[in-house]
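Asker: Structure provided below as structure tokens; questions to follow.
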Amino acid sequence: MVSIYKDQRVGIFVDVQNMYYSARNVYSNKVDFESLLNKAQQNREVIRAIAYAIESETPDEKNFFETLESIGFEVKKKKLKEYYGGAKKGDWDMGIAIDALKIADKLDVVVLVTGDGDFTHLVYHLQAEGVRVEVMAFEESASKELKEAANNFIDMSENPDAFLM
């Protein structure tokens, strides 16, 4: 049984790239971030809702970031890194973890919107600090360990139309 109360203070941390590639690879579609935010909030008091994105200088990128802000996200951006030999990398794992840890004492619930198993130890640490952790992701692209560690796993694949454009 999932305990959701209106007086819970919630922090929502969205791994934009993880969600983008999961929706694209599994459903050949894009995420509806407004629906995602509403489901993560579940009528609770949102203390922070942060979307972590990688800037890759694509044509509609500016509009996308503005849209995220207009629906209620604080957007944190970092440039895509290009390495010798053409390899590219961009992720926010450390940034998401540090931000969640920094504000955990002001939250009752952390909602991690990612399927990345690298966050499993963060989940355990937050729980040890008394914070309930919910993970939202598409079942097909979510780490088994992350799902098992969470107090609640919200499977976006149960109703993909609610989370896709």
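By convention in this document, the chains of the structure tokens carry letters A, B, ... by their order, each chain's residues are numbered from 1, and ligands are numbered from 1 in the order they are shown.
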Could you give me, as number ranges by chain, the residues within 9 Å of Gln127 of chain A, counting only C-alpha atoms and dropping anything in the same chain fewer than 5 positions from it?

Answerer: A: 122, 132-133, 150-151

Asker: Save out the residues we just selected, C-alpha atoms, as a compact mmCIF listing (two decimals), in the first residue's frame.

Answerer:
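Contents of part.txt, freshly written:
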# COMPACT_ATOMS: atom_id res chain seq x y z
CA LEU A 122 21.25 7.21 -3.35
CA ARG A 132 10.58 7.98 1.32
CA VAL A 133 11.80 7.40 -2.27
CA ALA A 150 12.43 2.26 -4.04
CA ASN A 151 9.58 2.50 -1.54

Asker: Enumerate, in order of chain and increasing residue number, the residues of segment 48-87 of chain A with an atom no farther than 7 Å from segment 6-23 of chain A, each with its shortest atom pair and distance in Å to one decimal, counting only C-alpha atoms, as a Markdown table.

Answerer:
| residue | atom | partner | partner_atom | distance |
| --- | --- | --- | --- | --- |
| A:Arg48 | CA | A:Gly11 | CA | 4.9 |
| A:Ala49 | CA | A:Ile12 | CA | 4.5 |
| A:Ile50 | CA | A:Phe13 | CA | 5.1 |
| A:Ala51 | CA | A:Val14 | CA | 4.7 |
| A:Tyr52 | CA | A:Asp15 | CA | 5.4 |
| A:Ala53 | CA | A:Val16 | CA | 5.3 |

Asker: Using only C-alpha atoms, which protein or nucleic acid residues come within 6 Å of segment 135-140 of chain A? Drop anything in the same chain fewer than 5 positions from it, and give the result as a list in words.

Answerer: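 Counting only C-alpha atoms, the residues come to Val111, Leu112, Val113, Thr114, Gly115, Phe153, Ile154, Asp155, Met156 and Ser157 of chain A.
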
Asker: Could you go through chain A and tell me which residues DSSP, when run on the backbone, assigns to strand (DSSP E or B), listing them as a count of residues only?

Answerer: 45

Asker: Give the alpha helix (DSSP H) residues of chain A, as DSSP finds them on the backbone, and put them as a ChimeraX atom specification.

Answerer: /A:16-27,33-41,61-70,93-103,120-128,144-149

Asker: Could you name the residues that touch Asp105 of chain A at 10 Å or less, counting only C-alpha atoms, but leaving out those on the same chain fewer than 5 positions away, as a ChimeraX atom specification?

Answerer: /A:100,126,129-131

Asker: With only C-alpha atoms as the atoms that count, which of A:Met94, A:His125, A:Glu57, A:Asp99 lies nearest to Lys79 of chain A?

Answerer: A:Glu57

Asker: Which residues of segment 9-88 of chain A have any atom within 12 Å of an atom in segment 159-162 of chain A when counting only C-alpha atoms, and what is the closest pair of atoms for each, with the distance in Å to one decimal? Order the rows by chain and rising number and write it as a Markdown table.

Answerer:
| residue | atom | partner | partner_atom | distance |
| --- | --- | --- | --- | --- |
| A:Ser22 | CA | A:Pro160 | CA | 11.5 |
| A:Ala23 | CA | A:Pro160 | CA | 9.1 |
| A:Val26 | CA | A:Pro160 | CA | 10.2 |
| A:Tyr27 | CA | A:Pro160 | CA | 8.5 |
| A:Ser28 | CA | A:Pro160 | CA | 11.6 |
| A:Asn29 | CA | A:Pro160 | CA | 10.0 |
| A:Lys30 | CA | A:Asp161 | CA | 10.6 |
| A:Val31 | CA | A:Pro160 | CA | 9.3 |
| A:Asp32 | CA | A:Ala162 | CA | 7.9 |
| A:Phe33 | CA | A:Ala162 | CA | 10.2 |
| A:Glu34 | CA | A:Ala162 | CA | 10.1 |
| A:Ser35 | CA | A:Ala162 | CA | 6.7 |
| A:Leu36 | CA | A:Ala162 | CA | 8.2 |
| A:Leu37 | CA | A:Ala162 | CA | 11.4 |
| A:Asn38 | CA | A:Ala162 | CA | 10.5 |
| A:Lys39 | CA | A:Ala162 | CA | 9.3 |

Asker: To one decimal in Å, tell me the separation between atom CA of Gln41 of chain A and atom CA of Ala104 of chain A.

Answerer: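 So the answer is 16.1 Å.
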
Asker: Rounded to one decimal, what separation in Å do you get between atom CA of Val123 of chain A and atom CA of Lys76 of chain A?

Answerer: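 Between these atoms lies a distance of 21.1 Å.
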